[in-house]
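Below is data_23.cif, which holds mmCIF, C-alpha atoms.
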```
data_run
loop_
_atom_site.label_atom_id
_atom_site.label_comp_id
_atom_site.auth_asym_id
_atom_site.auth_seq_id
_atom_site.Cartn_x
_atom_site.Cartn_y
_atom_site.Cartn_z
CA MET Z 25 117.09 97.55 108.72
CA LYS Z 26 118.65 94.85 106.59
CA LYS Z 27 118.17 95.10 102.83
CA ARG Z 28 116.16 92.18 101.48
CA ALA Z 29 115.58 91.03 97.92
CA LEU Z 30 113.14 88.45 96.62
CA ILE Z 31 113.51 87.09 93.11
CA VAL Z 32 110.28 85.67 91.68
CA HIS Z 33 110.66 83.27 88.75
CA GLY Z 34 108.13 83.03 85.95
CA TRP Z 35 105.70 80.55 84.50
CA GLY Z 36 107.38 77.15 84.16
CA GLY Z 37 110.49 78.50 85.88
CA THR Z 38 112.56 77.43 88.87
CA PRO Z 39 114.75 79.30 91.36
CA GLN Z 40 117.85 77.69 89.80
CA GLU Z 41 117.28 78.75 86.18
CA GLY Z 42 118.87 81.42 84.04
CA TRP Z 43 120.14 84.58 85.75
CA PHE Z 44 118.50 84.02 89.16
CA PRO Z 45 121.47 82.24 90.86
CA TRP Z 46 123.87 84.86 89.51
CA LEU Z 47 121.71 87.76 90.73
CA LYS Z 48 121.21 86.13 94.14
CA ASN Z 49 124.97 85.73 94.53
CA GLU Z 50 125.73 89.30 93.41
CA LEU Z 51 123.12 90.81 95.74
CA GLU Z 52 124.42 88.74 98.67
CA LYS Z 53 127.92 90.11 97.94
CA ASN Z 54 126.35 93.56 98.35
CA GLY Z 55 124.88 92.77 101.77
CA PHE Z 56 121.35 91.73 100.81
CA GLU Z 57 119.45 88.87 102.36
CA VAL Z 58 118.10 87.13 99.23
CA THR Z 59 115.23 84.66 98.82
CA VAL Z 60 114.24 82.95 95.57
CA PRO Z 61 111.03 81.11 96.41
CA ALA Z 62 109.90 78.13 94.35
CA MET Z 63 106.46 79.16 93.17
CA PRO Z 64 103.69 76.53 93.35
CA GLU Z 65 102.41 74.57 90.36
CA THR Z 66 104.85 76.41 88.13
CA ASN Z 67 103.45 74.97 84.89
CA ALA Z 68 99.91 76.15 85.69
CA PRO Z 69 100.34 79.38 87.67
CA ARG Z 70 97.26 80.83 89.33
CA ILE Z 71 96.75 84.14 91.10
CA SER Z 72 95.12 82.30 94.00
CA ASN Z 73 98.31 80.41 94.91
CA TRP Z 74 101.16 82.52 93.51
CA VAL Z 75 100.27 85.78 95.29
CA PRO Z 76 99.87 84.10 98.72
CA ALA Z 77 103.14 82.19 98.15
CA LEU Z 78 104.95 85.47 97.54
CA SER Z 79 103.25 87.07 100.54
CA ASP Z 80 104.43 84.20 102.74
CA ALA Z 81 107.98 84.51 101.38
CA VAL Z 82 108.10 88.28 101.99
CA GLY Z 83 106.57 88.36 105.44
CA MET Z 84 106.38 92.03 106.51
CA PRO Z 85 107.68 94.29 103.71
CA ASP Z 86 109.28 97.68 104.25
CA ALA Z 87 111.31 100.32 102.43
CA GLN Z 88 114.33 97.95 102.51
CA THR Z 89 112.41 95.21 100.63
CA PHE Z 90 113.14 94.89 96.90
CA LEU Z 91 111.24 92.58 94.56
CA ILE Z 92 112.64 91.31 91.27
CA GLY Z 93 110.34 89.42 88.94
CA HIS Z 94 110.61 87.61 85.64
CA SER Z 95 107.58 87.45 83.33
CA MET Z 96 104.70 85.93 85.35
CA GLY Z 97 106.73 86.77 88.44
CA CYS Z 98 106.17 90.46 87.56
CA GLN Z 99 102.40 89.95 87.44
CA THR Z 100 102.68 88.21 90.81
CA ILE Z 101 104.67 91.09 92.32
CA VAL Z 102 102.21 93.72 91.05
CA ARG Z 103 99.24 91.79 92.48
CA TYR Z 104 101.06 91.20 95.77
CA ILE Z 105 101.86 94.92 96.09
CA GLU Z 106 98.23 95.75 95.29
CA SER Z 107 97.19 93.62 98.30
CA LEU Z 108 99.32 95.54 100.81
CA PRO Z 109 97.58 97.52 103.55
CA ASN Z 110 97.50 101.32 103.30
CA GLY Z 111 100.76 102.91 104.39
CA VAL Z 112 102.94 99.85 103.73
CA VAL Z 113 105.58 100.32 101.03
CA VAL Z 114 108.28 98.29 99.34
CA GLY Z 115 111.59 99.92 98.46
CA GLY Z 116 111.37 98.98 94.83
CA ALA Z 117 110.69 96.46 92.12
CA VAL Z 118 112.54 95.35 89.02
CA PHE Z 119 110.24 93.95 86.36
CA VAL Z 120 112.05 91.78 83.78
CA ALA Z 121 109.87 90.90 80.76
CA GLY Z 122 106.87 92.13 82.70
CA PHE Z 123 103.49 92.36 81.08
CA LEU Z 124 100.27 94.14 82.02
CA LYS Z 125 98.80 94.63 78.55
CA LYS Z 126 99.60 91.88 76.07
CA LEU Z 127 101.13 88.43 75.65
CA THR Z 128 102.01 86.92 72.30
CA GLY Z 129 103.25 83.57 71.01
CA LEU Z 130 101.11 81.40 73.31
CA THR Z 131 99.73 78.04 72.27
CA ALA Z 132 95.97 77.48 72.60
CA GLU Z 133 96.63 75.57 75.83
CA GLU Z 134 98.85 78.32 77.24
CA LYS Z 135 96.35 81.01 76.28
CA GLU Z 136 93.97 79.84 79.06
CA THR Z 137 96.63 80.51 81.69
CA GLY Z 138 97.55 83.83 80.08
CA ASP Z 139 93.90 84.89 80.02
CA HIS Z 140 93.49 83.90 83.68
CA TRP Z 141 96.05 86.56 84.60
CA MET Z 142 95.39 89.16 81.91
CA ASN Z 143 91.62 89.24 82.42
CA SER Z 144 91.83 89.71 86.19
CA LYS Z 145 91.78 93.44 86.99
CA ILE Z 146 94.58 95.22 88.85
CA ASP Z 147 94.28 98.66 90.46
CA LEU Z 148 97.56 100.04 89.10
CA GLN Z 149 97.13 103.39 90.88
CA LYS Z 150 96.89 101.54 94.21
CA VAL Z 151 100.03 99.57 93.35
CA LYS Z 152 101.87 102.86 92.71
CA THR Z 153 101.05 104.09 96.25
CA HIS Z 154 102.97 101.13 97.74
CA LEU Z 155 105.94 101.19 95.34
CA LEU Z 156 108.74 103.69 96.01
CA ASN Z 157 110.84 102.92 92.90
CA SER Z 158 110.74 100.64 89.89
CA VAL Z 159 112.63 99.65 86.78
CA ALA Z 160 111.17 97.67 83.87
CA ILE Z 161 113.54 95.75 81.61
CA PHE Z 162 112.46 94.50 78.19
CA SER Z 163 114.13 92.75 75.29
CA ASP Z 164 113.76 93.99 71.72
CA ASN Z 165 113.16 90.41 70.50
CA ASP Z 166 110.92 88.89 73.20
CA GLU Z 167 108.49 86.50 71.51
CA PHE Z 168 106.03 86.60 74.44
CA VAL Z 169 106.19 90.16 75.82
CA PRO Z 170 105.98 92.88 73.15
CA LEU Z 171 107.51 96.29 73.90
CA GLU Z 172 104.08 97.95 74.15
CA ASN Z 173 103.94 96.46 77.66
CA ARG Z 174 106.29 99.26 78.72
CA ASP Z 175 103.44 101.81 78.70
CA GLU Z 176 101.83 101.01 82.06
CA PHE Z 177 105.17 100.60 83.80
CA GLU Z 178 106.40 103.93 82.43
CA ASN Z 179 103.22 106.00 82.59
CA ILE Z 180 101.58 104.71 85.77
CA PHE Z 181 104.40 103.37 87.96
CA GLY Z 182 106.97 105.87 86.68
CA SER Z 183 109.38 102.99 86.06
CA LYS Z 184 112.73 103.62 84.45
CA ILE Z 185 112.60 101.66 81.17
CA ILE Z 186 115.56 99.64 79.91
CA ILE Z 187 115.43 97.88 76.55
CA GLU Z 188 118.06 95.16 76.13
CA LYS Z 189 119.16 93.88 72.72
CA ASN Z 190 118.62 90.25 71.68
CA LYS Z 191 117.83 88.81 75.13
CA GLY Z 192 114.70 86.96 74.01
CA HIS Z 193 112.43 86.32 77.00
CA PHE Z 194 115.40 86.55 79.43
CA SER Z 195 115.11 82.81 80.06
CA GLY Z 196 117.78 80.21 80.69
CA SER Z 197 116.83 78.77 77.31
CA ASP Z 198 117.81 82.16 75.81
CA ASP Z 199 121.26 81.69 77.43
CA VAL Z 200 120.70 84.67 79.73
CA THR Z 201 122.72 83.62 82.78
CA GLU Z 202 123.67 87.11 84.00
CA LEU Z 203 121.62 90.29 83.97
CA PRO Z 204 123.75 93.26 85.06
CA SER Z 205 120.96 95.77 84.33
CA ALA Z 206 118.78 94.09 86.98
CA LEU Z 207 121.61 94.12 89.52
CA ASP Z 208 122.38 97.78 88.80
CA ALA Z 209 118.67 98.64 89.16
CA VAL Z 210 118.39 97.04 92.61
CA LEU Z 211 121.64 98.60 93.83
CA SER Z 212 120.64 102.02 92.55
CA MET Z 213 117.18 101.86 94.19
CA SER Z 214 118.58 100.59 97.47
CA ASN Z 215 121.08 103.44 97.65
CA SER Z 216 118.65 106.24 96.82
#
```
Output the file's structure in the form of C-alpha coordinates.
Amino acid sequence: MKKRALIVHGWGGTPQEGWFPWLKNELEKNGFEVTVPAMPETNAPRISNWVPALSDAVGMPDAQTFLIGHSMGCQTIVRYIESLPNGVVVGGAVFVAGFLKKLTGLTAEEKETGDHWMNSKIDLQKVKTHLLNSVAIFSDNDEFVPLENRDEFENIFGSKIIIEKNKGHFSGSDDVTELPSALDAVLSMSNS
(Lines of atoms letter the chains of each structure in order from A and count residues from 1; the text may use other names and numbers.)
(Lines give C-alpha, C1' and ligand atoms only; values in the text may rest on other atoms or scores of the structure.)
Protein backbone atom coordinates (compact mmCIF):
# COMPACT_ATOMS: atom_id res chain seq x y z
CA MET A 1 0.00 0.00 0.00
CA LYS A 2 1.22 3.47 -0.89
CA LYS A 3 1.74 5.91 1.96
CA ARG A 4 -0.60 8.89 1.69
CA ALA A 5 -0.61 12.19 3.54
CA LEU A 6 -3.28 14.87 3.61
CA ILE A 7 -2.47 18.32 4.94
CA VAL A 8 -5.53 20.24 6.14
CA HIS A 9 -5.13 24.01 6.41
CA GLY A 10 -6.89 26.08 9.03
CA TRP A 11 -9.49 28.81 9.26
CA GLY A 12 -8.76 31.50 6.68
CA GLY A 13 -5.90 29.41 5.29
CA THR A 14 -4.97 28.14 1.85
CA PRO A 15 -3.01 25.11 0.60
CA GLN A 16 -0.18 27.44 -0.51
CA GLU A 17 0.43 29.21 2.81
CA GLY A 18 3.15 28.87 5.40
CA TRP A 19 4.78 25.46 5.85
CA PHE A 20 2.29 23.41 3.80
CA PRO A 21 4.17 23.56 0.44
CA TRP A 22 7.45 22.71 2.18
CA LEU A 23 5.93 19.74 4.03
CA LYS A 24 4.21 18.48 0.86
CA ASN A 25 7.51 18.59 -1.02
CA GLU A 26 9.46 16.87 1.79
CA LEU A 27 6.88 14.09 2.14
CA GLU A 28 6.83 13.53 -1.63
CA LYS A 29 10.64 13.16 -1.51
CA ASN A 30 10.02 10.39 1.02
CA GLY A 31 7.62 8.50 -1.26
CA PHE A 32 4.27 9.82 -0.02
CA GLU A 33 1.36 10.71 -2.23
CA VAL A 34 0.36 14.11 -0.78
CA THR A 35 -2.88 16.07 -1.08
CA VAL A 36 -3.49 19.54 0.34
CA PRO A 37 -7.19 20.17 -0.26
CA ALA A 38 -8.56 23.71 -0.42
CA MET A 39 -11.21 23.71 2.28
CA PRO A 40 -14.55 25.38 1.44
CA GLU A 41 -15.57 28.84 2.63
CA THR A 42 -12.27 29.16 4.45
CA ASN A 43 -13.19 32.43 6.18
CA ALA A 44 -16.36 30.93 7.69
CA PRO A 45 -15.55 27.25 8.31
CA ARG A 46 -18.43 24.97 9.25
CA ILE A 47 -18.42 21.37 10.39
CA SER A 48 -21.13 20.59 7.84
CA ASN A 49 -18.89 21.37 4.86
CA TRP A 50 -15.32 20.94 6.14
CA VAL A 51 -15.70 17.35 7.39
CA PRO A 52 -17.34 16.12 4.14
CA ALA A 53 -14.67 17.96 2.10
CA LEU A 54 -11.94 16.12 4.00
CA SER A 55 -13.81 12.82 3.64
CA ASP A 56 -14.01 13.34 -0.13
CA ALA A 57 -10.29 14.17 -0.29
CA VAL A 58 -9.30 11.07 1.72
CA GLY A 59 -11.52 8.54 0.00
CA MET A 60 -10.96 5.18 1.74
CA PRO A 61 -8.47 5.59 4.61
CA ASP A 62 -6.19 2.84 5.88
CA ALA A 63 -3.15 2.30 8.08
CA GLN A 64 -1.00 4.01 5.40
CA THR A 65 -3.08 7.23 5.58
CA PHE A 66 -1.60 10.10 7.60
CA LEU A 67 -3.44 13.33 8.35
CA ILE A 68 -1.70 16.59 9.22
CA GLY A 69 -3.81 19.51 10.39
CA HIS A 70 -3.26 23.12 11.32
CA SER A 71 -5.58 24.78 13.85
CA MET A 72 -9.16 24.36 12.55
CA GLY A 73 -7.77 21.64 10.29
CA CYS A 74 -7.08 19.62 13.48
CA GLN A 75 -10.71 19.97 14.58
CA THR A 76 -11.73 18.84 11.10
CA ILE A 77 -9.45 15.79 11.24
CA VAL A 78 -10.72 14.75 14.69
CA ARG A 79 -14.35 15.03 13.54
CA TYR A 80 -13.60 13.19 10.30
CA ILE A 81 -11.92 10.34 12.22
CA GLU A 82 -14.90 10.21 14.60
CA SER A 83 -17.16 9.58 11.57
CA LEU A 84 -15.24 6.51 10.37
CA PRO A 85 -16.98 3.13 10.45
CA ASN A 86 -15.96 0.60 13.11
CA GLY A 87 -12.76 -1.21 12.24
CA VAL A 88 -11.39 1.49 9.92
CA VAL A 89 -8.16 3.13 11.08
CA VAL A 90 -5.79 5.84 9.92
CA GLY A 91 -2.05 5.39 10.38
CA GLY A 92 -1.65 8.60 12.29
CA ALA A 93 -2.33 12.28 12.70
CA VAL A 94 -0.16 15.30 13.39
CA PHE A 95 -2.06 18.10 15.10
CA VAL A 96 -0.35 21.51 14.76
CA ALA A 97 -1.90 24.19 17.00
CA GLY A 98 -4.83 21.88 17.58
CA PHE A 99 -7.53 22.76 20.03
CA LEU A 100 -10.27 20.75 21.71
CA LYS A 101 -10.69 22.80 24.88
CA LYS A 102 -10.10 26.52 24.47
CA LEU A 103 -9.51 29.31 21.95
CA THR A 104 -8.30 32.77 22.90
CA GLY A 105 -7.75 36.08 21.14
CA LEU A 106 -10.88 35.95 18.96
CA THR A 107 -12.84 39.03 17.97
CA ALA A 108 -16.57 39.09 18.73
CA GLU A 109 -17.24 38.19 15.09
CA GLU A 110 -14.75 35.31 15.14
CA LYS A 111 -16.14 34.01 18.43
CA GLU A 112 -19.32 32.81 16.66
CA THR A 113 -17.29 30.56 14.38
CA GLY A 114 -15.15 29.36 17.28
CA ASP A 115 -18.25 28.55 19.33
CA HIS A 116 -19.77 26.66 16.38
CA TRP A 117 -16.88 24.20 16.57
CA MET A 118 -16.15 24.23 20.30
CA ASN A 119 -19.77 23.71 21.36
CA SER A 120 -20.34 20.73 19.07
CA LYS A 121 -19.57 17.52 20.97
CA ILE A 122 -16.91 15.02 19.88
CA ASP A 123 -16.64 11.43 21.15
CA LEU A 124 -12.88 11.51 21.77
CA GLN A 125 -12.80 7.86 22.91
CA LYS A 126 -14.32 6.82 19.56
CA VAL A 127 -11.72 8.91 17.73
CA LYS A 128 -8.96 7.08 19.63
CA THR A 129 -10.23 3.69 18.36
CA HIS A 130 -9.60 4.80 14.75
CA LEU A 131 -6.23 6.53 15.33
CA LEU A 132 -3.11 4.36 15.49
CA ASN A 133 -0.62 7.15 16.32
CA SER A 134 -0.61 10.88 16.90
CA VAL A 135 1.62 13.82 17.66
CA ALA A 136 0.40 17.24 18.84
CA ILE A 137 2.64 20.26 18.25
CA PHE A 138 2.10 23.52 20.12
CA SER A 139 3.87 26.85 20.33
CA ASP A 140 4.71 28.47 23.66
CA ASN A 141 3.47 31.85 22.37
CA ASP A 142 0.33 30.97 20.37
CA GLU A 143 -2.18 33.79 20.83
CA PHE A 144 -5.15 31.60 19.82
CA VAL A 145 -4.37 28.10 21.15
CA PRO A 146 -3.19 28.04 24.78
CA LEU A 147 -1.02 25.13 25.94
CA GLU A 148 -3.82 23.69 28.09
CA ASN A 149 -5.19 22.27 24.82
CA ARG A 150 -2.49 19.60 25.08
CA ASP A 151 -4.45 17.73 27.77
CA GLU A 152 -6.97 15.88 25.58
CA PHE A 153 -4.38 15.05 22.95
CA GLU A 154 -2.00 13.67 25.59
CA ASN A 155 -4.45 12.01 27.97
CA ILE A 156 -7.08 10.64 25.59
CA PHE A 157 -5.33 10.12 22.24
CA GLY A 158 -1.95 9.33 23.80
CA SER A 159 -0.34 11.87 21.48
CA LYS A 160 3.34 12.65 21.76
CA ILE A 161 3.47 16.34 22.73
CA ILE A 162 5.98 18.74 21.20
CA ILE A 163 6.18 22.36 22.35
CA GLU A 164 7.99 24.66 19.92
CA LYS A 165 9.48 27.99 20.98
CA ASN A 166 8.24 31.29 19.51
CA LYS A 167 6.30 29.87 16.55
CA GLY A 168 3.14 31.88 17.22
CA HIS A 169 0.14 30.17 15.62
CA PHE A 170 2.39 28.38 13.07
CA SER A 171 0.96 30.58 10.32
CA GLY A 172 2.60 32.05 7.26
CA SER A 173 2.12 35.43 8.92
CA ASP A 174 4.31 34.11 11.78
CA ASP A 175 7.02 33.40 9.15
CA VAL A 176 6.76 29.65 9.74
CA THR A 177 7.63 28.30 6.29
CA GLU A 178 9.18 24.99 7.40
CA LEU A 179 8.13 22.70 10.23
CA PRO A 180 10.66 19.88 10.66
CA SER A 181 8.91 18.53 13.78
CA ALA A 182 5.79 17.80 11.70
CA LEU A 183 7.85 16.07 9.00
CA ASP A 184 9.73 14.00 11.59
CA ALA A 185 6.42 13.03 13.24
CA VAL A 186 4.90 11.73 9.99
CA LEU A 187 8.06 9.86 9.02
CA SER A 188 8.36 8.30 12.46
CA MET A 189 4.70 7.17 12.49
CA SER A 190 4.89 5.80 8.97
CA ASN A 191 7.95 3.71 9.80
CA SER A 192 6.63 2.25 13.05
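Residues having any atom no farther than 12 Å from (124.2, 89.3, 100.9) (counting only C-alpha atoms) are Lys26, Lys27, Arg28, Ala29, Leu30, Leu47, Lys48, Asn49, Glu50, Leu51, Glu52, Lys53, Asn54, Gly55, Phe56, Glu57, Val58, Thr59 and Leu211 of chain Z.
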Inset, instruction - I would like the residues chosen by the PyMOL selection byres ((chain Z and resi 161) around 9) on the shown file; could you give them as JSON, numbers by chain? - result: {"Z": [118, 119, 120, 121, 122, 159, 160, 162, 163, 174, 184, 185, 186, 187, 188, 205, 206]}
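Note that the spacing between atom CA of Z:Val200 and atom CA of Z:Phe177 amounts to 22.6 Å.
For the pair atom CA of Z:Thr153 and atom CA of Z:Leu108, the separation is 9.8 Å.
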Evaluate the PyMOL selection byres ((chain Z and resi 123) around 8) against this structure - the residues, as a PDB file with C-alpha atoms, in the coordinates of the input, please.
```
ATOM      1  CA  SER Z  95     107.580  87.450  83.330  1.00  0.00           C
ATOM      2  CA  MET Z  96     104.700  85.930  85.350  1.00  0.00           C
ATOM      3  CA  CYS Z  98     106.170  90.460  87.560  1.00  0.00           C
ATOM      4  CA  GLN Z  99     102.400  89.950  87.440  1.00  0.00           C
ATOM      5  CA  ALA Z 121     109.870  90.900  80.760  1.00  0.00           C
ATOM      6  CA  GLY Z 122     106.870  92.130  82.700  1.00  0.00           C
ATOM      7  CA  LEU Z 124     100.270  94.140  82.020  1.00  0.00           C
ATOM      8  CA  LYS Z 125      98.800  94.630  78.550  1.00  0.00           C
ATOM      9  CA  LYS Z 126      99.600  91.880  76.070  1.00  0.00           C
ATOM     10  CA  LEU Z 127     101.130  88.430  75.650  1.00  0.00           C
ATOM     11  CA  VAL Z 169     106.190  90.160  75.820  1.00  0.00           C
ATOM     12  CA  ASN Z 173     103.940  96.460  77.660  1.00  0.00           C
ATOM     13  CA  ARG Z 174     106.290  99.260  78.720  1.00  0.00           C
TER      14      ARG Z 174
END
```
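One finds atom CA of Z:Ala68 at 10.4 Å from atom CA of Z:Glu133.
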Residues matched by the PyMOL selection byres ((chain Z and resi 110) around 12) as a short mmCIF file (atom, residue, chain, number, x, y, z; two decimals) with C-alpha atoms, in the coordinates of the input:
```
data_model
loop_
_atom_site.label_atom_id
_atom_site.label_comp_id
_atom_site.auth_asym_id
_atom_site.auth_seq_id
_atom_site.Cartn_x
_atom_site.Cartn_y
_atom_site.Cartn_z
CA ILE Z 105 101.86 94.92 96.09
CA GLU Z 106 98.23 95.75 95.29
CA SER Z 107 97.19 93.62 98.30
CA LEU Z 108 99.32 95.54 100.81
CA PRO Z 109 97.58 97.52 103.55
CA GLY Z 111 100.76 102.91 104.39
CA VAL Z 112 102.94 99.85 103.73
CA VAL Z 113 105.58 100.32 101.03
CA VAL Z 114 108.28 98.29 99.34
CA LYS Z 150 96.89 101.54 94.21
CA VAL Z 151 100.03 99.57 93.35
CA LYS Z 152 101.87 102.86 92.71
CA THR Z 153 101.05 104.09 96.25
CA HIS Z 154 102.97 101.13 97.74
CA LEU Z 155 105.94 101.19 95.34
#
```
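Using only C-alpha atoms, the shortest contact distance between Z:His140 and any of Z:Gly34, Z:Ser212, Z:Pro69, Z:Pro64 is found at Z:Pro69.
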Legend entry - Neighbour list for Z:Trp141 as a PyMOL selection string, cut-off 8 Å, only C-alpha atoms, skip fewer than 3 positions in-chain: chain Z and resi 70-71+99+137-138+144
Excluding Z:Asp199 and its own-chain neighbours fewer than 4 positions away, which residues fall within 8 Å of it when counting only C-alpha atoms? Please give them as a short mmCIF file (atom, residue, chain, number, x, y, z; two decimals) with C-alpha atoms, in the frame of the given file.
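Contents of selection_38.cif, freshly written:
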```
data_model
loop_
_atom_site.label_atom_id
_atom_site.label_comp_id
_atom_site.auth_asym_id
_atom_site.auth_seq_id
_atom_site.Cartn_x
_atom_site.Cartn_y
_atom_site.Cartn_z
CA GLY Z 42 118.87 81.42 84.04
CA PHE Z 194 115.40 86.55 79.43
CA SER Z 195 115.11 82.81 80.06
#
```
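Residue nearest Z:Pro170, chosen from Z:Asp80, Z:Thr201, Z:Val210, Z:Thr128 and counting only C-alpha atoms: Z:Thr128.
If you measure from each of Z:Trp46, Z:Leu78, Z:Ser197, Z:Phe168 to Z:Glu134 using only C-alpha atoms, the closest one turns out to be Z:Phe168.
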